[in-house]
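Okay, coords10.txt now, which holds compact mmCIF, C-alpha atoms:
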```
# COMPACT_ATOMS: atom_id res chain seq x y z
CA ALA A 245 0.00 0.00 0.00
CA GLN A 246 1.06 3.53 -0.62
CA THR A 247 1.73 5.99 2.17
CA VAL A 248 2.10 9.74 2.02
CA THR A 249 3.79 11.72 4.79
CA GLN A 250 3.74 15.44 5.43
CA SER A 251 6.08 16.11 8.33
CA GLN A 252 5.18 19.78 8.85
CA PRO A 253 1.79 20.09 10.58
CA GLU A 254 1.98 23.90 10.56
CA MET A 255 3.99 26.54 8.76
CA SER A 256 3.85 30.30 8.48
CA VAL A 257 5.29 32.80 6.03
CA GLN A 258 5.25 36.53 5.54
CA GLU A 259 3.29 37.97 2.66
CA ALA A 260 5.37 38.19 -0.57
CA GLU A 261 7.93 35.67 0.68
CA THR A 262 8.56 32.12 -0.52
CA VAL A 263 7.68 28.97 1.38
CA THR A 264 8.24 25.27 0.70
CA LEU A 265 5.99 22.49 1.95
CA SER A 266 7.43 18.99 2.19
CA CYS A 267 5.93 15.66 1.17
CA THR A 268 7.40 12.18 0.99
CA TYR A 269 5.73 9.02 -0.18
CA ASP A 270 6.35 5.32 -0.30
CA THR A 271 5.43 3.11 -3.24
CA SER A 272 6.71 0.20 -5.25
CA GLU A 273 5.08 1.54 -8.42
CA ASN A 274 7.21 3.02 -11.17
CA ASN A 275 4.47 5.08 -12.76
CA TYR A 276 2.06 7.19 -10.72
CA TYR A 277 0.73 10.70 -10.22
CA LEU A 278 1.22 13.21 -7.43
CA PHE A 279 -0.99 16.12 -6.48
CA TRP A 280 -1.14 19.08 -4.16
CA TYR A 281 -4.62 20.11 -3.04
CA LYS A 282 -5.48 23.26 -1.12
CA GLN A 283 -8.27 23.47 1.45
CA PRO A 284 -9.04 27.04 2.57
CA PRO A 285 -11.27 27.76 5.58
CA SER A 286 -14.30 27.32 3.30
CA ARG A 287 -13.42 23.59 3.37
CA GLN A 288 -13.52 23.34 -0.44
CA MET A 289 -10.78 21.11 -1.88
CA ILE A 290 -8.98 22.80 -4.77
CA LEU A 291 -6.33 21.27 -7.02
CA VAL A 292 -3.13 23.31 -6.95
CA ILE A 293 -0.74 21.31 -9.11
CA ARG A 294 -0.18 17.84 -10.57
CA GLN A 295 2.94 15.86 -11.47
CA GLU A 296 3.28 12.73 -13.58
CA ALA A 297 6.06 10.48 -12.31
CA TYR A 298 7.37 9.59 -15.73
CA LYS A 299 7.97 13.24 -16.57
CA GLN A 300 11.34 14.55 -15.46
CA GLN A 301 10.32 18.19 -15.67
CA ASN A 302 8.91 19.72 -12.53
CA ALA A 303 5.36 21.04 -12.86
CA THR A 304 4.64 24.74 -12.43
CA GLU A 305 1.40 26.70 -12.18
CA ASN A 306 1.94 30.44 -11.89
CA ARG A 307 3.33 31.04 -8.36
CA PHE A 308 3.25 27.33 -7.50
CA SER A 309 5.96 24.87 -8.45
CA VAL A 310 7.11 21.46 -7.30
CA ASN A 311 10.46 19.81 -6.70
CA PHE A 312 9.91 16.20 -7.67
CA GLN A 313 12.71 13.84 -6.68
CA LYS A 314 11.64 10.38 -7.83
CA ALA A 315 14.57 8.45 -6.41
CA ALA A 316 14.14 10.08 -3.03
CA LYS A 317 10.33 9.78 -3.25
CA SER A 318 9.98 13.43 -2.41
CA PHE A 319 7.46 15.92 -3.76
CA SER A 320 7.69 19.41 -2.26
CA LEU A 321 5.55 22.42 -3.11
CA LYS A 322 7.06 25.88 -3.43
CA ILE A 323 4.82 28.92 -3.20
CA SER A 324 6.42 32.13 -4.41
CA ASP A 325 5.24 35.65 -3.62
CA SER A 326 2.89 34.32 -0.93
CA GLN A 327 -0.49 36.00 -0.70
CA LEU A 328 -3.00 36.18 2.14
CA GLY A 329 -5.34 34.02 0.09
CA ASP A 330 -2.81 31.22 0.17
CA THR A 331 -3.67 30.64 3.83
CA ALA A 332 -5.07 27.12 3.83
CA MET A 333 -4.45 23.49 4.64
CA TYR A 334 -2.35 21.86 1.93
CA PHE A 335 -2.57 18.16 1.19
CA CYS A 336 -0.14 16.07 -0.80
CA ALA A 337 -1.75 13.10 -2.56
CA PHE A 338 -0.68 10.00 -4.52
CA MET A 339 -2.54 8.19 -7.30
CA LYS A 340 -1.73 4.88 -8.96
CA PRO A 341 -2.38 4.67 -12.70
CA PHE A 342 -5.01 1.97 -12.26
CA GLY A 343 -7.44 0.69 -9.62
CA GLY A 344 -10.09 3.36 -9.95
CA SER A 345 -7.76 6.36 -9.75
CA ARG A 346 -8.02 6.53 -5.98
CA LEU A 347 -6.15 9.20 -4.06
CA THR A 348 -4.04 8.55 -0.95
CA PHE A 349 -3.59 11.74 1.05
CA GLY A 350 -0.99 12.94 3.50
CA GLU A 351 -1.90 14.40 6.87
CA GLY A 352 -1.83 17.98 5.65
CA THR A 353 0.15 21.14 6.41
CA GLN A 354 -1.62 24.22 7.72
CA LEU A 355 -0.05 27.25 6.06
CA THR A 356 -0.64 30.73 7.42
CA VAL A 357 0.40 33.77 5.42
CA ASN A 358 0.97 36.77 7.69
CA PRO A 359 0.56 40.38 6.51
CA ASN B 23 -22.91 23.96 -13.86
CA ALA B 24 -22.96 23.21 -10.10
CA GLY B 25 -20.09 20.68 -10.14
CA VAL B 26 -20.36 18.28 -7.19
CA THR B 27 -23.15 18.89 -4.70
CA GLN B 28 -23.68 17.24 -1.32
CA THR B 29 -26.60 17.20 1.06
CA PRO B 30 -26.91 17.86 3.90
CA LYS B 31 -24.12 20.28 4.85
CA PHE B 32 -24.43 19.54 8.56
CA GLN B 33 -26.03 16.69 10.50
CA VAL B 34 -26.20 15.59 14.12
CA LEU B 35 -27.15 11.99 14.87
CA LYS B 36 -27.55 9.92 17.98
CA THR B 37 -25.67 6.66 18.29
CA GLY B 38 -27.54 3.92 16.45
CA GLN B 39 -29.45 6.19 14.09
CA SER B 40 -29.16 5.78 10.36
CA MET B 41 -28.80 8.32 7.59
CA THR B 42 -27.85 8.70 3.96
CA LEU B 43 -25.49 11.32 2.58
CA GLN B 44 -26.36 12.35 -0.95
CA CYS B 45 -23.93 13.32 -3.69
CA ALA B 46 -24.57 14.37 -7.27
CA GLN B 47 -22.33 15.63 -10.08
CA ASP B 48 -23.28 17.31 -13.35
CA MET B 49 -19.94 16.96 -15.16
CA ASN B 50 -20.73 13.63 -16.83
CA HIS B 51 -17.96 11.94 -14.85
CA ASN B 52 -17.72 8.18 -14.72
CA SER B 53 -15.97 7.81 -11.36
CA MET B 54 -17.18 8.92 -7.96
CA TYR B 55 -15.66 8.69 -4.47
CA TRP B 56 -16.48 9.09 -0.81
CA TYR B 57 -13.78 10.28 1.63
CA ARG B 58 -13.80 11.14 5.29
CA GLN B 59 -11.57 13.80 6.82
CA ASP B 60 -10.42 13.60 10.42
CA PRO B 61 -8.03 15.98 12.18
CA GLY B 62 -4.39 15.04 11.65
CA MET B 63 -5.23 12.21 9.23
CA GLY B 64 -5.94 13.86 5.91
CA LEU B 65 -8.69 12.40 3.74
CA ARG B 66 -9.25 8.65 3.66
CA LEU B 67 -11.19 6.79 0.98
CA ILE B 68 -14.33 5.01 2.19
CA TYR B 69 -15.80 3.66 -1.08
CA TYR B 70 -15.53 4.46 -4.72
CA SER B 71 -17.37 3.74 -7.95
CA ALA B 72 -15.15 3.53 -11.02
CA SER B 73 -18.18 3.50 -13.31
CA GLU B 74 -21.95 3.28 -13.16
CA GLY B 75 -22.98 -0.09 -11.76
CA THR B 76 -19.76 -0.80 -9.87
CA THR B 77 -18.63 -0.02 -6.34
CA ASP B 78 -15.50 -1.00 -4.42
CA LYS B 79 -14.19 -0.66 -0.89
CA GLY B 80 -11.56 1.88 -0.07
CA GLU B 81 -9.34 2.20 2.96
CA VAL B 82 -12.01 2.56 5.69
CA PRO B 83 -15.30 0.93 4.52
CA ASN B 84 -16.50 -0.59 7.80
CA GLY B 85 -19.83 0.80 8.98
CA TYR B 86 -20.77 2.25 5.59
CA ASN B 87 -22.64 1.21 2.48
CA VAL B 88 -22.90 2.95 -0.87
CA SER B 89 -25.22 3.03 -3.85
CA ARG B 90 -24.38 4.28 -7.31
CA LEU B 91 -27.92 5.21 -8.22
CA ASN B 92 -27.08 6.36 -11.75
CA LYS B 93 -24.20 8.09 -13.45
CA ARG B 94 -24.86 11.35 -11.59
CA GLU B 95 -25.56 10.16 -8.07
CA PHE B 96 -23.55 8.28 -5.44
CA SER B 97 -24.94 7.96 -1.92
CA LEU B 98 -23.27 6.94 1.34
CA ARG B 99 -25.32 5.25 4.05
CA LEU B 100 -24.61 4.83 7.74
CA GLU B 101 -26.86 2.03 8.98
CA SER B 102 -26.11 2.41 12.69
CA ALA B 103 -24.08 5.52 13.42
CA ALA B 104 -21.27 5.40 15.98
CA PRO B 105 -19.32 8.27 17.60
CA SER B 106 -16.23 7.10 15.66
CA GLN B 107 -18.03 8.15 12.49
CA THR B 108 -18.02 11.79 13.56
CA SER B 109 -16.14 13.39 10.68
CA VAL B 110 -16.36 15.59 7.62
CA TYR B 111 -17.42 13.63 4.55
CA PHE B 112 -16.44 14.59 1.03
CA CYS B 113 -17.77 13.29 -2.24
CA ALA B 114 -15.62 13.63 -5.37
CA SER B 115 -15.85 12.75 -9.04
CA SER B 116 -13.50 12.40 -11.99
CA THR B 117 -13.36 11.31 -15.58
CA THR B 118 -11.83 7.98 -16.49
CA GLY B 119 -10.09 6.77 -19.60
CA GLY B 120 -6.67 7.57 -18.23
CA ALA B 121 -5.14 8.04 -14.83
CA GLY B 122 -3.97 11.22 -13.23
CA ASN B 123 -7.32 12.87 -13.76
CA GLU B 124 -8.26 15.62 -11.36
CA GLN B 125 -10.86 14.75 -8.77
CA PHE B 126 -13.45 17.46 -8.19
CA PHE B 127 -14.75 17.68 -4.64
CA GLY B 128 -18.07 18.67 -3.14
CA PRO B 129 -18.34 21.14 -0.25
CA GLY B 130 -18.44 18.42 2.41
CA THR B 131 -20.89 17.27 5.10
CA ARG B 132 -20.00 17.76 8.75
CA LEU B 133 -21.48 14.85 10.69
CA THR B 134 -21.55 14.62 14.47
CA VAL B 135 -22.61 11.41 16.19
CA LEU B 136 -23.47 11.80 19.87
```
Represent the structure from my file as structure tokens, please.
Amino acid sequence: AQTVTQSQPEMSVQEAETVTLSCTYDTSENNYYLFWYKQPPSRQMILVIRQEAYKQQNATENRFSVNFQKAAKSFSLKISDSQLGDTAMYFCAFMKPFGGSRLTFGEGTQLTVNP
Amino acid sequence: NAGVTQTPKFQVLKTGQSMTLQCAQDMNHNSMYWYRQDPGMGLRLIYYSASEGTTDKGEVPNGYNVSRLNKREFSLRLESAAPSQTSVYFCASSTTGGAGNEQFFGPGTRLTVL
């Protein structure tokens, strides 16, 4: 079974600064998908970014980028130019390429952006 | 286009009572999922339906049943609620035909079992 670990329960950053959230995972699969989801206080789950394991290039979406280290089974999220609206719980998630496309989530990191 | 909708948004039950959580999606997605979210544990999969007419157990299925009523609707039933089932429940849906597809989530149902 896959496991996903987020070792930082809480983090804080000043507005306009950069912050990196950590995620490690354990799997015997060679091909898979990794996701970061954001959950603001509204409780709505929102996809932030997605990475395909067979792609060497790190995914980027505007101010959000990942550092995907396949050998180390590490998938960190970097948020640049942090904004107050980035305050949320962030979840790292793993998906196998078969078996109903189920997601396995980490425990989450609560990020607070301070003005 | 409402996306994924869930009813109710909040519910309080007494131990032993039963209830059904409703979920519907209007995105013509084949796959639907039920997760529960507990503090410090992220979201855990209860049941999923890869396509209309099929359902499978996830990580924490005990105490729950599901029905894929049609392509749009996927309900979660608690036959005899227990305090351990106090949680926030999320329904999600996605397309199939290839992995790595984004799952779209509903707004969640906060359930308290006394």
May I have a table of the residues of chain A lying at most 12 Å from chain B, giving each one's closest pair of atoms and their distance in Å to one decimal, counting all atoms listed in the file, ordered by chain and ascending residue number, as a tab-separated table?
```
residue	atom	partner	partner_atom	distance
A:Ala245	CA	B:Glu81	CA	10.0
A:Gln246	CA	B:Glu81	CA	11.1
A:Thr247	CA	B:Arg66	CA	11.4
A:Val248	CA	B:Gly64	CA	9.8
A:Thr249	CA	B:Gly64	CA	10.0
A:Gln250	CA	B:Gly64	CA	9.8
A:Ser251	CA	B:Gly62	CA	11.0
A:Gln252	CA	B:Gly62	CA	11.0
A:Pro253	CA	B:Gly62	CA	8.1
A:Glu254	CA	B:Gly62	CA	11.0
A:Asn275	CA	B:Ala121	CA	10.3
A:Tyr276	CA	B:Gly122	CA	7.7
A:Tyr277	CA	B:Gly122	CA	5.6
A:Leu278	CA	B:Gly122	CA	8.0
A:Phe279	CA	B:Glu124	CA	8.8
A:Trp280	CA	B:Glu124	CA	10.7
A:Tyr281	CA	B:Gln125	CA	10.0
A:Lys282	CA	B:Phe127	CA	11.4
A:Gln283	CA	B:Pro129	CA	10.5
A:Pro284	CA	B:Pro129	CA	11.4
A:Pro285	CA	B:Pro129	CA	11.3
A:Ser286	CA	B:Pro129	CA	8.2
A:Arg287	CA	B:Pro129	CA	6.6
A:Gln288	CA	B:Pro129	CA	5.3
A:Met289	CA	B:Phe127	CA	5.9
A:Ile290	CA	B:Phe127	CA	7.7
A:Leu291	CA	B:Glu124	CA	7.4
A:Val292	CA	B:Glu124	CA	10.2
A:Ile293	CA	B:Glu124	CA	9.7
A:Arg294	CA	B:Gly122	CA	8.1
A:Gln295	CA	B:Gly122	CA	8.5
A:Glu296	CA	B:Gly122	CA	7.4
A:Ala297	CA	B:Gly122	CA	10.1
A:Tyr298	CA	B:Gly122	CA	11.7
A:Met333	CA	B:Gly64	CA	9.8
A:Tyr334	CA	B:Gly64	CA	9.6
A:Phe335	CA	B:Gly64	CA	7.2
A:Cys336	CA	B:Gly64	CA	9.1
A:Ala337	CA	B:Leu65	CA	9.4
A:Phe338	CA	B:Gly122	CA	9.4
A:Met339	CA	B:Gly122	CA	6.8
A:Lys340	CA	B:Ala121	CA	7.5
A:Pro341	CA	B:Ala121	CA	4.8
A:Phe342	CA	B:Ala121	CA	6.6
A:Gly343	CA	B:Ala72	CA	8.3
A:Gly344	CA	B:Ala72	CA	5.2
A:Ser345	CA	B:Ala121	CA	6.0
A:Arg346	CA	B:Leu67	CA	7.7
A:Leu347	CA	B:Leu67	CA	7.5
A:Thr348	CA	B:Arg66	CA	7.0
A:Phe349	CA	B:Gly64	CA	5.8
A:Gly350	CA	B:Gly64	CA	5.6
A:Glu351	CA	B:Gly64	CA	4.2
A:Gly352	CA	B:Gly64	CA	5.8
A:Thr353	CA	B:Gly62	CA	9.2
A:Gln354	CA	B:Gly62	CA	10.4
```
With C-alpha atoms retained, could you export that selection as a compact mmCIF listing (two decimals), in the coordinates of the input?
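What ended up in result_9.txt:
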```
# COMPACT_ATOMS: atom_id res chain seq x y z
CA ALA A 245 0.00 0.00 0.00
CA GLN A 246 1.06 3.53 -0.62
CA THR A 247 1.73 5.99 2.17
CA VAL A 248 2.10 9.74 2.02
CA THR A 249 3.79 11.72 4.79
CA GLN A 250 3.74 15.44 5.43
CA SER A 251 6.08 16.11 8.33
CA GLN A 252 5.18 19.78 8.85
CA PRO A 253 1.79 20.09 10.58
CA GLU A 254 1.98 23.90 10.56
CA ASN A 275 4.47 5.08 -12.76
CA TYR A 276 2.06 7.19 -10.72
CA TYR A 277 0.73 10.70 -10.22
CA LEU A 278 1.22 13.21 -7.43
CA PHE A 279 -0.99 16.12 -6.48
CA TRP A 280 -1.14 19.08 -4.16
CA TYR A 281 -4.62 20.11 -3.04
CA LYS A 282 -5.48 23.26 -1.12
CA GLN A 283 -8.27 23.47 1.45
CA PRO A 284 -9.04 27.04 2.57
CA PRO A 285 -11.27 27.76 5.58
CA SER A 286 -14.30 27.32 3.30
CA ARG A 287 -13.42 23.59 3.37
CA GLN A 288 -13.52 23.34 -0.44
CA MET A 289 -10.78 21.11 -1.88
CA ILE A 290 -8.98 22.80 -4.77
CA LEU A 291 -6.33 21.27 -7.02
CA VAL A 292 -3.13 23.31 -6.95
CA ILE A 293 -0.74 21.31 -9.11
CA ARG A 294 -0.18 17.84 -10.57
CA GLN A 295 2.94 15.86 -11.47
CA GLU A 296 3.28 12.73 -13.58
CA ALA A 297 6.06 10.48 -12.31
CA TYR A 298 7.37 9.59 -15.73
CA MET A 333 -4.45 23.49 4.64
CA TYR A 334 -2.35 21.86 1.93
CA PHE A 335 -2.57 18.16 1.19
CA CYS A 336 -0.14 16.07 -0.80
CA ALA A 337 -1.75 13.10 -2.56
CA PHE A 338 -0.68 10.00 -4.52
CA MET A 339 -2.54 8.19 -7.30
CA LYS A 340 -1.73 4.88 -8.96
CA PRO A 341 -2.38 4.67 -12.70
CA PHE A 342 -5.01 1.97 -12.26
CA GLY A 343 -7.44 0.69 -9.62
CA GLY A 344 -10.09 3.36 -9.95
CA SER A 345 -7.76 6.36 -9.75
CA ARG A 346 -8.02 6.53 -5.98
CA LEU A 347 -6.15 9.20 -4.06
CA THR A 348 -4.04 8.55 -0.95
CA PHE A 349 -3.59 11.74 1.05
CA GLY A 350 -0.99 12.94 3.50
CA GLU A 351 -1.90 14.40 6.87
CA GLY A 352 -1.83 17.98 5.65
CA THR A 353 0.15 21.14 6.41
CA GLN A 354 -1.62 24.22 7.72
```
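Reported to one decimal place, the separation of CA of Glu95 (chain B) from CA of Ser40 (chain B) is 19.3 Å.
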message = Just want the 7 Å neighbourhood of region 36-38 of chain B, counted on all atoms listed in the file, with same-chain residues fewer than 3 positions away dropped. Output as a list in words.
response = Ser102, Ala103, Ala104, Pro105, Val135 and Leu136 of chain B
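Omitting Phe312 (chain A) and its sequence neighbours fewer than 4 positions away, and counting all atoms listed in the file, the residues within 8 Å are Gln295, Asn302, Lys317, Ser318, Phe319 and Ser320 of chain A.
Between CA of Glu305 (chain A) and CA of Asp330 (chain A) the separation is 13.8 Å.
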task = Would you mind reading off the distance between CA of Tyr269 (chain A) and CA of Gln301 (chain A), one decimal, in Å?
result = 18.6 Å
task = Identify which of the residues A:Ala260, A:Leu328, A:Met255, A:Cys267 lies closest to Gln313 (chain A), counting all atoms listed in the file when measuring atom-to-atom distances.
result = A:Cys267
ask   = Which residue gives the smallest distance to Glu261 (chain A) among A:Gln300, A:Gln327, A:Ser309, A:Thr356, with only C-alpha atoms counted?
value = A:Gln327
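Minimum atom-to-atom distances from A:Leu265, A:Glu259, A:Ser272, A:Ala332 to Val310 (chain A) were compared using only C-alpha atoms, and the lowest value belongs to A:Leu265.
Counting all atoms listed in the file, Thr42 (chain B) has the following residues at most 8 Å away, ignoring those fewer than 4 positions along the same chain: Ser97, Leu98, Arg99 and Leu100 of chain B.
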task = Please identify all polymer residues within 10 Å of Val34 (chain B), counting all atoms listed in the file, omitting same-chain residues fewer than 4 positions from it, and present them as a ChimeraX atom specification.
result = /B:39,108,132-136
ask   = Which protein, DNA or RNA residues are at most 9 Å from (2.3, 34.4, -6.4) in the file's coordinates when you count all atoms listed in the file, listed as a VMD selection string?
value = chain A and resid 260 262 306 to 308 323 to 327 330
Can you put all heavy atoms back into region 259-270 of chain A and show it as an mmCIF file, in the coordinates of the input?
```cif
data_model
loop_
_atom_site.group_PDB
_atom_site.id
_atom_site.type_symbol
_atom_site.label_atom_id
_atom_site.label_comp_id
_atom_site.auth_asym_id
_atom_site.auth_seq_id
_atom_site.Cartn_x
_atom_site.Cartn_y
_atom_site.Cartn_z
ATOM 1 N N GLU A 259 3.803 37.615 3.985
ATOM 2 C CA GLU A 259 3.290 37.970 2.660
ATOM 3 C C GLU A 259 4.449 38.372 1.747
ATOM 4 O O GLU A 259 5.384 39.045 2.180
ATOM 5 C CB GLU A 259 2.315 39.136 2.818
ATOM 6 C CG GLU A 259 1.402 39.385 1.647
ATOM 7 C CD GLU A 259 0.371 40.453 1.954
ATOM 8 O OE1 GLU A 259 0.440 41.082 3.031
ATOM 9 O OE2 GLU A 259 -0.520 40.661 1.113
ATOM 10 N N ALA A 260 4.392 37.904 0.488
ATOM 11 C CA ALA A 260 5.370 38.190 -0.570
ATOM 12 C C ALA A 260 6.620 37.310 -0.478
ATOM 13 O O ALA A 260 7.437 37.338 -1.408
ATOM 14 C CB ALA A 260 5.790 39.643 -0.603
ATOM 15 N N GLU A 261 6.776 36.550 0.573
ATOM 16 C CA GLU A 261 7.930 35.670 0.680
ATOM 17 C C GLU A 261 7.629 34.302 0.067
ATOM 18 O O GLU A 261 6.515 34.027 -0.366
ATOM 19 C CB GLU A 261 8.364 35.544 2.130
ATOM 20 C CG GLU A 261 8.912 36.840 2.697
ATOM 21 C CD GLU A 261 9.492 36.690 4.085
ATOM 22 O OE1 GLU A 261 9.249 35.655 4.733
ATOM 23 O OE2 GLU A 261 10.196 37.621 4.527
ATOM 24 N N THR A 262 8.656 33.455 0.056
ATOM 25 C CA THR A 262 8.560 32.120 -0.520
ATOM 26 C C THR A 262 8.559 31.073 0.573
ATOM 27 O O THR A 262 9.266 31.205 1.567
ATOM 28 C CB THR A 262 9.728 31.865 -1.485
ATOM 29 O OG1 THR A 262 9.622 32.785 -2.587
ATOM 30 C CG2 THR A 262 9.697 30.441 -2.027
ATOM 31 N N VAL A 263 7.748 30.044 0.391
ATOM 32 C CA VAL A 263 7.680 28.970 1.380
ATOM 33 C C VAL A 263 7.646 27.630 0.643
ATOM 34 O O VAL A 263 7.124 27.531 -0.472
ATOM 35 C CB VAL A 263 6.420 29.130 2.265
ATOM 36 C CG1 VAL A 263 5.138 29.012 1.461
ATOM 37 C CG2 VAL A 263 6.431 28.140 3.424
ATOM 38 N N THR A 264 8.224 26.614 1.275
ATOM 39 C CA THR A 264 8.240 25.270 0.700
ATOM 40 C C THR A 264 7.630 24.278 1.666
ATOM 41 O O THR A 264 8.029 24.204 2.833
ATOM 42 C CB THR A 264 9.683 24.842 0.364
ATOM 43 O OG1 THR A 264 10.226 25.750 -0.609
ATOM 44 C CG2 THR A 264 9.696 23.438 -0.222
ATOM 45 N N LEU A 265 6.658 23.527 1.167
ATOM 46 C CA LEU A 265 5.990 22.490 1.950
ATOM 47 C C LEU A 265 6.535 21.131 1.517
ATOM 48 O O LEU A 265 6.659 20.861 0.319
ATOM 49 C CB LEU A 265 4.478 22.537 1.730
ATOM 50 C CG LEU A 265 3.789 23.897 1.910
ATOM 51 C CD1 LEU A 265 2.295 23.757 1.749
ATOM 52 C CD2 LEU A 265 4.144 24.521 3.236
ATOM 53 N N SER A 266 6.801 20.272 2.475
ATOM 54 C CA SER A 266 7.430 18.990 2.190
ATOM 55 C C SER A 266 6.422 17.852 2.114
ATOM 56 O O SER A 266 5.383 17.874 2.790
ATOM 57 C CB SER A 266 8.469 18.658 3.266
ATOM 58 O OG SER A 266 9.456 19.652 3.308
ATOM 59 N N CYS A 267 6.758 16.859 1.299
ATOM 60 C CA CYS A 267 5.930 15.660 1.170
ATOM 61 C C CYS A 267 6.837 14.513 0.752
ATOM 62 O O CYS A 267 7.655 14.669 -0.166
ATOM 63 C CB CYS A 267 4.837 15.862 0.143
ATOM 64 S SG CYS A 267 3.875 14.373 -0.248
ATOM 65 N N THR A 268 6.725 13.392 1.428
ATOM 66 C CA THR A 268 7.400 12.180 0.990
ATOM 67 C C THR A 268 6.366 11.083 0.860
ATOM 68 O O THR A 268 5.299 11.128 1.471
ATOM 69 C CB THR A 268 8.498 11.743 1.970
ATOM 70 O OG1 THR A 268 7.918 11.528 3.260
ATOM 71 C CG2 THR A 268 9.599 12.780 2.064
ATOM 72 N N TYR A 269 6.681 10.099 0.057
ATOM 73 C CA TYR A 269 5.730 9.020 -0.180
ATOM 74 C C TYR A 269 6.484 7.712 -0.316
ATOM 75 O O TYR A 269 7.704 7.702 -0.528
ATOM 76 C CB TYR A 269 4.884 9.311 -1.422
ATOM 77 C CG TYR A 269 5.700 9.511 -2.675
ATOM 78 C CD1 TYR A 269 5.966 8.455 -3.534
ATOM 79 C CD2 TYR A 269 6.228 10.765 -2.969
ATOM 80 C CE1 TYR A 269 6.737 8.635 -4.658
ATOM 81 C CE2 TYR A 269 7.005 10.950 -4.103
ATOM 82 C CZ TYR A 269 7.256 9.891 -4.936
ATOM 83 O OH TYR A 269 8.029 10.072 -6.051
ATOM 84 N N ASP A 270 5.752 6.640 -0.185
ATOM 85 C CA ASP A 270 6.350 5.320 -0.300
ATOM 86 C C ASP A 270 5.507 4.494 -1.262
ATOM 87 O O ASP A 270 4.296 4.379 -1.072
ATOM 88 C CB ASP A 270 6.428 4.637 1.065
ATOM 89 C CG ASP A 270 7.186 3.330 0.998
ATOM 90 O OD1 ASP A 270 8.032 3.191 0.094
ATOM 91 O OD2 ASP A 270 6.937 2.457 1.839
#
```
